[in-house]
Amino acid sequence: RFGFMIILELLDHMALLTALVVISGFISSRWRSRRRQTLFQGVLFGIVAIIGMLRPLVLTPGLIFDGRSVIISLSAMMWGPAAAIAASGTAVLFRVSQGGSGALTGSYVIVTSAIIGILFHYRRTRKVRETSTEELFVLGLLVHGLMLALMMTLPGGIGPGVIRQIALPVMLVYPLVTVIIGRFLTEQVSRQREQQELLESEERFRQLVEMGPDAIFVHTDYTIAYTNQAAVALMGASSKEELLGRNAIEWTHPDAKDMVVERIRHLYEEKKAVPTLETAYLRLDGALVAVEATAVPIRYKGKDGALVYVRDISERKRREQEKQDQMEYQRQQQKMEAIGVMASGVAHEINNPVMGIMNYAQLIIDNETENHQSSLMAQEILQESQRVAEIVRNLLHFSRIESQAHHETHMDQVIHSAVILVKAVMQKDGITVETHIQDAPLPSIKCRSQQIQQVLVNLLTNARDALNEKYPMPDARKTIHIDCRVVQQDHLPWMRISVEDHGTGIPEEIRGKLFDPFFTTKPKDLGTGLGLAVSYGIIEEHQGKIHLESSPGHYTRFHVDLPCCLTQEPRENTE
């Protein structure tokens, strides 16, 4: 009869234990703190043990039996020492408060159940797989075998009689109940762990996507369905909402739209990744940004779509352009050095015979009457020889064989002197020269002032020719602007002199040849092709830079940059 009552009592507790499993799962899913979760699980199991003790099976007054051993051992096995201490401590306090002849023995049972459960917990945590049914059954056997042995601690020598009365039903039913409840708990914990791992995985993925340096877009039906924060920054948006729902090709560069449409079709229909594409995106503020886009097909919320990774390569492009410019500069420098050596030799070889020709021509002129045919021919010879001598002098400048020392110079004086030299010819052609010199005190520069002046005269002459070509007749637009100011390059001050005209401009295809010796677009009687080559060599010798901006048919602007010399106090300009 007692065995049957035990079975009925434990079956009655099954509903309570099932509710325990549900509540336990709720706690695990809501509480992220492992320590708090463990302690609360222990308290919860201790309360369930108390509820069981409130509805016990009474063998004799003060001697009760219930499912506390099952509950305490499983709580210890599932959640470890902290939960075991919380559960067993709660249960012991309540059992002692109940009193009776079996209070001490009951407390022993609670404590030993917790200890055995802790041992199984450590064995369980060392294994990869979950606790098996066999292991749960062994746990039930050990806990309740020890419980029967502890019956010998009952007062009055009633232990053997109690053991004979309850041994069979206890050893048949309690291990089985341990297995059933243990399976519920292990499966529940396994599901909770899987859900937790899934949540953590999703959180890690979300952080990787959200905090990644590259922009990420997900689009379906050609419409943006997801973006990360880097995409918001790339597109110059204030929030993701500004991008969501927009057409996926809306900000593609117009030249690449057909290609992008074909790539998206390839992703949607053929479900294949597309090669990485370098293109430009149009930001929301209208600015263009160089990007590198990689896309793969995905399913997103039940729709075919594409996952697009976009990297801002503006800085990389800038570095590549700087490297290319530097290589071009080095090639130009090497070419100029080689031609300079040749020019120096040619100039020396030509100079002596030209001087002889000029002298003989002058002798003929001196010995003949002014209008004699021989005198007229000698004058032509002298004039052409002087032109050859001028070319020789330019070659000598180009080969940099002059030995003028560098000295500190104020650029406003150099500009003023250059303008005076060309003033007469500019006035004759109806050209106005306007100078704009920085109001702030200008620092001095260390240079060969005559050579810098020569560069400015060359640039002014070229600007004059361009204006005369575009405006053969007098015109108010025949104006040359000279601008002088200090600019910062690599955190250092540089003097920039700009010469600008609104003449014919320079076509893109010939800009790379402008500084080549003997390259000219002018008629043979108007130019030798050495002016810009000589100017380039002078500025390069001064460790400066010369470059241009031009729009064919609109304007040309040459910039001459020279490093500033700050050894003296800046001086106010005189213009």
# chains A, B, ... in the order shown; residues from 1 in each chain; ligands from 1
$ residues_around --residues "Gln427 in chain A" --least-positions-apart "4" --cutoff "12 Å" --atoms "only C-alpha atoms" --output "number ranges by chain"
A: 419-423, 431-433, 464, 474, 478-480
$ write_last_selection --atoms "all heavy atoms" --output "CSV table (one decimal), in the first residue's frame"
chain,number,residue,atom,x,y,z
A,419,VAL,N,56.2,92.2,-65.6
A,419,VAL,CA,55.1,92.9,-66.3
A,419,VAL,C,55.6,94.1,-67.0
A,419,VAL,O,55.2,94.4,-68.1
A,419,VAL,CB,54.1,93.4,-65.2
A,419,VAL,CG1,53.0,94.3,-65.8
A,419,VAL,CG2,53.4,92.1,-64.6
A,420,ILE,N,56.6,94.8,-66.5
A,420,ILE,CA,57.2,96.0,-67.2
A,420,ILE,C,57.8,95.5,-68.5
A,420,ILE,O,57.7,96.2,-69.5
A,420,ILE,CB,58.2,96.7,-66.3
A,420,ILE,CG1,57.5,97.4,-65.1
A,420,ILE,CG2,59.1,97.7,-67.1
A,420,ILE,CD1,58.4,98.1,-64.1
A,421,LEU,N,58.5,94.4,-68.5
A,421,LEU,CA,59.2,93.9,-69.7
A,421,LEU,C,58.2,93.7,-70.9
A,421,LEU,O,58.5,93.9,-72.0
A,421,LEU,CB,60.0,92.6,-69.4
A,421,LEU,CG,61.2,92.8,-68.6
A,421,LEU,CD1,61.8,91.4,-68.3
A,421,LEU,CD2,62.3,93.6,-69.4
A,422,VAL,N,57.0,93.2,-70.5
A,422,VAL,CA,56.0,92.9,-71.6
A,422,VAL,C,55.0,93.9,-71.7
A,422,VAL,O,54.0,93.8,-72.5
A,422,VAL,CB,55.4,91.5,-71.3
A,422,VAL,CG1,56.4,90.4,-71.2
A,422,VAL,CG2,54.6,91.5,-70.0
A,423,LYS,N,55.1,95.0,-71.0
A,423,LYS,CA,54.0,96.0,-71.0
A,423,LYS,C,53.7,96.6,-72.4
A,423,LYS,O,52.6,96.8,-72.8
A,423,LYS,CB,54.4,97.1,-70.0
A,423,LYS,CG,53.3,98.2,-69.8
A,423,LYS,CD,53.7,99.2,-68.7
A,423,LYS,CE,52.5,100.2,-68.6
A,423,LYS,NZ,52.9,101.2,-67.5
A,431,ILE,N,45.9,94.2,-74.7
A,431,ILE,CA,45.8,93.2,-73.6
A,431,ILE,C,46.1,93.9,-72.3
A,431,ILE,O,47.1,94.6,-72.1
A,431,ILE,CB,46.8,92.0,-73.8
A,431,ILE,CG1,46.4,91.3,-75.1
A,431,ILE,CG2,46.7,91.1,-72.6
A,431,ILE,CD1,47.4,90.2,-75.4
A,432,THR,N,45.2,93.7,-71.3
A,432,THR,CA,45.4,94.2,-70.0
A,432,THR,C,46.0,93.1,-69.1
A,432,THR,O,45.5,92.0,-69.1
A,432,THR,CB,44.0,94.6,-69.4
A,432,THR,OG1,43.4,95.6,-70.3
A,432,THR,CG2,44.2,95.2,-68.0
A,433,VAL,N,47.0,93.5,-68.3
A,433,VAL,CA,47.6,92.6,-67.3
A,433,VAL,C,47.2,93.0,-65.9
A,433,VAL,O,47.5,94.2,-65.5
A,433,VAL,CB,49.1,92.5,-67.4
A,433,VAL,CG1,49.7,91.6,-66.4
A,433,VAL,CG2,49.5,92.1,-68.8
A,464,ARG,N,49.5,85.8,-74.0
A,464,ARG,CA,49.3,86.8,-75.1
A,464,ARG,C,49.0,86.2,-76.4
A,464,ARG,O,48.0,86.6,-77.1
A,464,ARG,CB,50.5,87.7,-75.2
A,464,ARG,CG,50.6,88.6,-76.4
A,464,ARG,CD,51.9,89.3,-76.5
A,464,ARG,NE,52.0,90.0,-77.8
A,464,ARG,CZ,52.8,89.5,-78.8
A,464,ARG,NH1,53.5,88.4,-78.6
A,464,ARG,NH2,52.9,90.1,-80.0
A,474,PRO,N,40.6,94.1,-81.0
A,474,PRO,CA,40.5,94.5,-79.6
A,474,PRO,C,39.2,94.0,-79.0
A,474,PRO,O,38.1,93.9,-79.6
A,474,PRO,CB,40.4,96.1,-79.8
A,474,PRO,CG,41.1,96.3,-81.1
A,474,PRO,CD,40.8,95.2,-82.0
A,478,LYS,N,40.3,90.5,-73.4
A,478,LYS,CA,41.7,90.2,-73.6
A,478,LYS,C,42.5,90.7,-72.3
A,478,LYS,O,43.0,91.8,-72.2
A,478,LYS,CB,42.3,90.9,-74.8
A,478,LYS,CG,41.7,90.3,-76.1
A,478,LYS,CD,42.2,91.1,-77.3
A,478,LYS,CE,43.6,90.7,-77.7
A,478,LYS,NZ,44.0,91.2,-79.0
A,479,THR,N,42.4,89.8,-71.3
A,479,THR,CA,43.0,90.2,-70.0
A,479,THR,C,43.8,89.0,-69.4
A,479,THR,O,43.3,87.8,-69.6
A,479,THR,CB,41.9,90.5,-69.0
A,479,THR,OG1,41.1,91.6,-69.5
A,479,THR,CG2,42.5,90.9,-67.6
A,480,ILE,N,44.9,89.3,-68.9
A,480,ILE,CA,45.8,88.3,-68.2
A,480,ILE,C,45.8,88.6,-66.8
A,480,ILE,O,46.0,89.7,-66.3
A,480,ILE,CB,47.2,88.3,-68.8
A,480,ILE,CG1,47.2,87.9,-70.3
A,480,ILE,CG2,48.1,87.2,-68.1
A,480,ILE,CD1,48.5,88.1,-71.0
$ residues_around --residues "Glu292 in chain A" --least-positions-apart "2" --cutoff "8 Å" --atoms "only C-alpha atoms" --output "ChimeraX atom specification"
/A:276-279,290,294,310-313
$ closest_residue --among "A:Ala225, A:Cys564, A:Val170, A:Ile51" --to "Pro443 in chain A" --atoms "only C-alpha atoms"
A:Cys564
$ closest_residue --among "A:Val109, A:Met77, A:Leu284, A:Ala83" --to "Gly46 in chain A" --atoms "only C-alpha atoms"
A:Ala83
$ residues_around --residues "Val111 in chain A" --least-positions-apart "4" --cutoff "9 Å" --atoms "only C-alpha atoms" --output "list in words"
Ile72, Ala84, Ile85, Ser88, Gly89, Val92, Gly106, Ser107, Ile115 and Ile116 of chain A
$ write_last_selection --atoms "N, CA, C and O atoms" --output "short mmCIF file (atom, residue, chain, number, x, y, z; two decimals), in the first residue's frame"
data_model
loop_
_atom_site.label_atom_id
_atom_site.label_comp_id
_atom_site.auth_asym_id
_atom_site.auth_seq_id
_atom_site.Cartn_x
_atom_site.Cartn_y
_atom_site.Cartn_z
N ILE A 72 16.37 18.26 -5.81
CA ILE A 72 17.66 18.83 -5.40
C ILE A 72 18.80 18.25 -6.23
O ILE A 72 19.69 18.97 -6.67
N ALA A 84 22.87 24.40 -6.43
CA ALA A 84 22.69 23.34 -5.43
C ALA A 84 22.63 23.92 -4.02
O ALA A 84 21.80 23.52 -3.20
N ILE A 85 23.53 24.86 -3.74
CA ILE A 85 23.54 25.48 -2.40
C ILE A 85 22.24 26.24 -2.15
O ILE A 85 21.64 26.16 -1.07
N SER A 88 19.31 23.47 -1.92
CA SER A 88 19.39 22.62 -0.73
C SER A 88 19.29 23.45 0.54
O SER A 88 18.67 23.04 1.54
N GLY A 89 19.89 24.67 0.55
CA GLY A 89 19.79 25.52 1.73
C GLY A 89 18.35 25.91 2.01
O GLY A 89 17.89 25.88 3.18
N VAL A 92 16.55 22.72 3.30
CA VAL A 92 16.96 22.30 4.66
C VAL A 92 16.32 23.21 5.70
O VAL A 92 15.81 22.74 6.74
N GLY A 106 16.03 13.88 7.17
CA GLY A 106 15.59 14.55 5.94
C GLY A 106 16.58 15.58 5.45
O GLY A 106 16.80 15.75 4.24
N SER A 107 17.22 16.31 6.42
CA SER A 107 18.23 17.28 6.03
C SER A 107 19.44 16.61 5.42
O SER A 107 20.04 17.09 4.44
N ILE A 115 25.10 16.96 -3.09
CA ILE A 115 26.50 16.61 -3.32
C ILE A 115 26.63 15.68 -4.52
O ILE A 115 27.48 15.86 -5.40
N ILE A 116 25.77 14.63 -4.55
CA ILE A 116 25.84 13.70 -5.68
C ILE A 116 25.50 14.42 -6.99
O ILE A 116 26.13 14.20 -8.03
#
$ atom_distance --atom1 "CA of Tyr226 in chain A" --atom2 "CA of Pro275 in chain A"
21.6 Å
$ atom_distance --atom1 "CA of His219 in chain A" --atom2 "CA of Glu200 in chain A"
25.2 Å
$ atom_distance --atom1 "CA of Ile482 in chain A" --atom2 "CA of His559 in chain A"
9.9 Å
$ residues_around --residues "Ala167 in chain A" --least-positions-apart "6" --cutoff "10 Å" --atoms "only C-alpha atoms" --output "list in words"
Gly3, His144, Gly145, Met147, Leu148, Ala149 and Gly161 of chain A
$ write_last_selection --atoms "all heavy atoms" --output "mmCIF file, in the first residue's frame"
data_model
loop_
_atom_site.group_PDB
_atom_site.id
_atom_site.type_symbol
_atom_site.label_atom_id
_atom_site.label_comp_id
_atom_site.auth_asym_id
_atom_site.auth_seq_id
_atom_site.Cartn_x
_atom_site.Cartn_y
_atom_site.Cartn_z
ATOM 1 N N GLY A 3 3.915 1.596 -1.168
ATOM 2 C CA GLY A 3 4.535 1.756 -2.482
ATOM 3 C C GLY A 3 3.571 2.382 -3.477
ATOM 4 O O GLY A 3 3.931 3.249 -4.266
ATOM 5 N N HIS A 144 19.036 7.749 -4.246
ATOM 6 C CA HIS A 144 18.011 7.117 -3.410
ATOM 7 C C HIS A 144 18.521 5.876 -2.700
ATOM 8 O O HIS A 144 17.974 5.473 -1.664
ATOM 9 C CB HIS A 144 16.767 6.835 -4.256
ATOM 10 C CG HIS A 144 16.165 8.112 -4.786
ATOM 11 N ND1 HIS A 144 16.397 8.573 -6.065
ATOM 12 C CD2 HIS A 144 15.421 9.063 -4.173
ATOM 13 C CE1 HIS A 144 15.782 9.735 -6.235
ATOM 14 N NE2 HIS A 144 15.182 10.049 -5.096
ATOM 15 N N GLY A 145 19.588 5.288 -3.215
ATOM 16 C CA GLY A 145 20.244 4.245 -2.443
ATOM 17 C C GLY A 145 20.843 4.817 -1.179
ATOM 18 O O GLY A 145 20.742 4.236 -0.086
ATOM 19 N N MET A 147 19.799 7.583 0.179
ATOM 20 C CA MET A 147 18.668 8.005 1.015
ATOM 21 C C MET A 147 18.199 6.860 1.897
ATOM 22 O O MET A 147 17.918 7.035 3.099
ATOM 23 C CB MET A 147 17.509 8.481 0.127
ATOM 24 C CG MET A 147 16.294 9.008 0.904
ATOM 25 S SD MET A 147 14.916 9.473 -0.168
ATOM 26 C CE MET A 147 14.257 7.843 -0.552
ATOM 27 N N LEU A 148 18.105 5.650 1.334
ATOM 28 C CA LEU A 148 17.699 4.492 2.138
ATOM 29 C C LEU A 148 18.714 4.219 3.237
ATOM 30 O O LEU A 148 18.349 3.898 4.377
ATOM 31 C CB LEU A 148 17.546 3.266 1.235
ATOM 32 C CG LEU A 148 16.357 3.278 0.268
ATOM 33 C CD1 LEU A 148 16.391 2.047 -0.617
ATOM 34 C CD2 LEU A 148 15.036 3.328 1.042
ATOM 35 N N ALA A 149 20.015 4.340 2.881
ATOM 36 C CA ALA A 149 21.045 4.101 3.899
ATOM 37 C C ALA A 149 20.949 5.102 5.035
ATOM 38 O O ALA A 149 21.198 4.775 6.207
ATOM 39 C CB ALA A 149 22.430 4.169 3.244
ATOM 40 N N GLY A 161 13.220 -0.992 9.997
ATOM 41 C CA GLY A 161 11.820 -1.235 9.637
ATOM 42 C C GLY A 161 11.360 -0.305 8.517
ATOM 43 O O GLY A 161 10.610 -0.711 7.618
#
$ closest_residue --among "A:Gly537, A:Pro507, A:Glu262, A:Asp366" --to "Pro552 in chain A" --atoms "only C-alpha atoms"
A:Pro507
$ closest_residue --among "A:Arg283, A:Arg263, A:Lys303, A:Arg557" --to "Val232 in chain A" --atoms "only C-alpha atoms"
A:Arg283
$ residues_around --residues "Pro254 in chain A" --least-positions-apart "6" --cutoff "12 Å" --atoms "only C-alpha atoms" --output "ChimeraX atom specification"
/A:260-261,279-282,288
$ select_by_dssp --residues "range 271-494 of chain A" --states "strand (DSSP E or B)" --output "VMD selection string"
chain A and resid 274 to 282 288 to 300 303 to 312 407 to 409 432 to 437 442 444 to 447 479 to 489 492 to 494
$ residues_around --residues "Leu382 in chain A" --least-positions-apart "6" --cutoff "12 Å" --atoms "only C-alpha atoms" --output "list in words"
Val354, Met355, Gly356, Ile357, Met358, Asn359, Tyr360, Ala361, Gln362, Leu363, Ile364, Ile365, Ser375, Leu376, Val388 and Ala389 of chain A
$ closest_residue --among "A:Gly286, A:Gly52, A:Gly100, A:Pro81" --to "Ile118 in chain A" --atoms "only C-alpha atoms"
A:Pro81
$ closest_residue --among "A:His491, A:Gln379, A:His502, A:Asp304" --to "Asp475 in chain A" --atoms "only C-alpha atoms"
A:His502
$ select_by_dssp --residues "range 403-454 of chain A" --states "alpha helix (DSSP H)" --output "list in words"
Met411, Asp412, Gln413, Val414, Ile415, His416, Ser417, Ala418, Val419, Ile420, Leu421, Val422, Lys423, Ala424, Val425, Met426, Gln427, Lys428, Ser449, Gln450, Gln451, Ile452, Gln453 and Gln454 of chain A
$ write_last_selection --atoms "N, CA and C atoms" --output "compact mmCIF listing (two decimals), in the first residue's frame"
# COMPACT_ATOMS: atom_id res chain seq x y z
N MET A 411 58.80 88.34 -54.11
CA MET A 411 58.17 87.97 -55.36
C MET A 411 57.40 89.13 -55.99
N ASP A 412 56.89 90.07 -55.20
CA ASP A 412 56.16 91.18 -55.79
C ASP A 412 57.07 92.01 -56.71
N GLN A 413 58.36 92.11 -56.37
CA GLN A 413 59.30 92.83 -57.22
C GLN A 413 59.55 92.08 -58.52
N VAL A 414 59.68 90.74 -58.44
CA VAL A 414 59.92 89.94 -59.64
C VAL A 414 58.73 90.06 -60.59
N ILE A 415 57.52 89.97 -60.04
CA ILE A 415 56.33 90.07 -60.87
C ILE A 415 56.26 91.46 -61.53
N HIS A 416 56.54 92.49 -60.74
CA HIS A 416 56.50 93.85 -61.25
C HIS A 416 57.49 94.03 -62.40
N SER A 417 58.68 93.48 -62.26
CA SER A 417 59.71 93.61 -63.30
C SER A 417 59.28 92.86 -64.56
N ALA A 418 58.69 91.67 -64.41
CA ALA A 418 58.25 90.88 -65.57
C ALA A 418 57.15 91.60 -66.33
N VAL A 419 56.23 92.21 -65.60
CA VAL A 419 55.12 92.93 -66.26
C VAL A 419 55.65 94.13 -67.03
N ILE A 420 56.63 94.83 -66.48
CA ILE A 420 57.21 95.98 -67.17
C ILE A 420 57.85 95.55 -68.50
N LEU A 421 58.51 94.38 -68.51
CA LEU A 421 59.18 93.91 -69.72
C LEU A 421 58.19 93.67 -70.86
N VAL A 422 56.98 93.20 -70.53
CA VAL A 422 56.02 92.86 -71.59
C VAL A 422 54.95 93.94 -71.75
N LYS A 423 55.07 95.02 -70.99
CA LYS A 423 54.00 96.02 -70.97
C LYS A 423 53.74 96.62 -72.36
N ALA A 424 54.83 96.96 -73.06
CA ALA A 424 54.67 97.63 -74.35
C ALA A 424 53.96 96.74 -75.36
N VAL A 425 54.40 95.47 -75.47
CA VAL A 425 53.79 94.57 -76.45
C VAL A 425 52.36 94.23 -76.07
N MET A 426 52.07 94.18 -74.77
CA MET A 426 50.71 93.92 -74.33
C MET A 426 49.79 95.09 -74.70
N GLN A 427 50.28 96.30 -74.50
CA GLN A 427 49.47 97.47 -74.84
C GLN A 427 49.22 97.53 -76.35
N LYS A 428 50.21 97.18 -77.13
CA LYS A 428 50.06 97.17 -78.58
C LYS A 428 48.95 96.23 -79.02
N SER A 449 66.45 85.41 -59.25
CA SER A 449 65.33 86.28 -59.60
C SER A 449 65.19 86.46 -61.11
N GLN A 450 66.32 86.58 -61.84
CA GLN A 450 66.25 86.77 -63.29
C GLN A 450 65.63 85.54 -63.97
N GLN A 451 65.95 84.36 -63.45
CA GLN A 451 65.38 83.15 -64.06
C GLN A 451 63.88 83.05 -63.78
N ILE A 452 63.46 83.38 -62.56
CA ILE A 452 62.03 83.36 -62.26
C ILE A 452 61.31 84.40 -63.11
N GLN A 453 61.94 85.53 -63.29
CA GLN A 453 61.37 86.56 -64.16
C GLN A 453 61.23 86.03 -65.59
N GLN A 454 62.24 85.29 -66.06
CA GLN A 454 62.19 84.71 -67.39
C GLN A 454 61.01 83.75 -67.52
$ decode --residues "range 298-311 of chain A" --atoms "N, CA, C and O atoms" --output "mmCIF file, in the first residue's frame"
data_model
loop_
_atom_site.group_PDB
_atom_site.id
_atom_site.type_symbol
_atom_site.label_atom_id
_atom_site.label_comp_id
_atom_site.auth_asym_id
_atom_site.auth_seq_id
_atom_site.Cartn_x
_atom_site.Cartn_y
_atom_site.Cartn_z
ATOM 1 N N ILE A 298 21.449 36.212 -52.785
ATOM 2 C CA ILE A 298 20.951 35.667 -51.522
ATOM 3 C C ILE A 298 19.430 35.607 -51.579
ATOM 4 O O ILE A 298 18.803 36.157 -52.481
ATOM 5 N N ARG A 299 18.848 34.926 -50.590
ATOM 6 C CA ARG A 299 17.413 34.977 -50.351
ATOM 7 C C ARG A 299 17.215 35.831 -49.112
ATOM 8 O O ARG A 299 17.796 35.588 -48.062
ATOM 9 N N TYR A 300 16.397 36.857 -49.229
ATOM 10 C CA TYR A 300 16.178 37.765 -48.114
ATOM 11 C C TYR A 300 14.683 37.950 -47.929
ATOM 12 O O TYR A 300 13.988 38.443 -48.825
ATOM 13 N N LYS A 301 14.197 37.484 -46.771
ATOM 14 C CA LYS A 301 12.776 37.563 -46.446
ATOM 15 C C LYS A 301 11.902 36.959 -47.533
ATOM 16 O O LYS A 301 10.882 37.518 -47.952
ATOM 17 N N GLY A 302 12.354 35.784 -47.999
ATOM 18 C CA GLY A 302 11.571 35.037 -48.971
ATOM 19 C C GLY A 302 11.681 35.528 -50.393
ATOM 20 O O GLY A 302 10.945 35.039 -51.266
ATOM 21 N N LYS A 303 12.586 36.472 -50.674
ATOM 22 C CA LYS A 303 12.710 37.009 -52.029
ATOM 23 C C LYS A 303 14.141 36.832 -52.525
ATOM 24 O O LYS A 303 15.089 36.835 -51.745
ATOM 25 N N ASP A 304 14.259 36.692 -53.854
ATOM 26 C CA ASP A 304 15.586 36.689 -54.456
ATOM 27 C C ASP A 304 16.163 38.096 -54.375
ATOM 28 O O ASP A 304 15.472 39.083 -54.639
ATOM 29 N N GLY A 305 17.417 38.148 -54.011
ATOM 30 C CA GLY A 305 18.041 39.454 -53.877
ATOM 31 C C GLY A 305 19.540 39.362 -54.004
ATOM 32 O O GLY A 305 20.082 38.347 -54.462
ATOM 33 N N ALA A 306 20.214 40.414 -53.608
ATOM 34 C CA ALA A 306 21.668 40.477 -53.702
ATOM 35 C C ALA A 306 22.240 41.125 -52.455
ATOM 36 O O ALA A 306 21.655 42.060 -51.899
ATOM 37 N N LEU A 307 23.362 40.583 -52.020
ATOM 38 C CA LEU A 307 24.134 41.159 -50.925
ATOM 39 C C LEU A 307 25.331 41.860 -51.555
ATOM 40 O O LEU A 307 26.155 41.224 -52.217
ATOM 41 N N VAL A 308 25.417 43.159 -51.358
ATOM 42 C CA VAL A 308 26.428 43.973 -52.037
ATOM 43 C C VAL A 308 27.367 44.595 -51.003
ATOM 44 O O VAL A 308 26.914 45.264 -50.074
ATOM 45 N N TYR A 309 28.652 44.331 -51.181
ATOM 46 C CA TYR A 309 29.682 44.952 -50.347
ATOM 47 C C TYR A 309 30.313 46.085 -51.156
ATOM 48 O O TYR A 309 30.779 45.868 -52.283
ATOM 49 N N VAL A 310 30.330 47.274 -50.587
ATOM 50 C CA VAL A 310 30.848 48.449 -51.295
ATOM 51 C C VAL A 310 31.946 49.087 -50.448
ATOM 52 O O VAL A 310 31.719 49.434 -49.294
ATOM 53 N N ARG A 311 33.113 49.230 -51.042
ATOM 54 C CA ARG A 311 34.256 49.814 -50.339
ATOM 55 C C ARG A 311 34.602 51.166 -50.957
ATOM 56 O O ARG A 311 34.725 51.293 -52.179
#
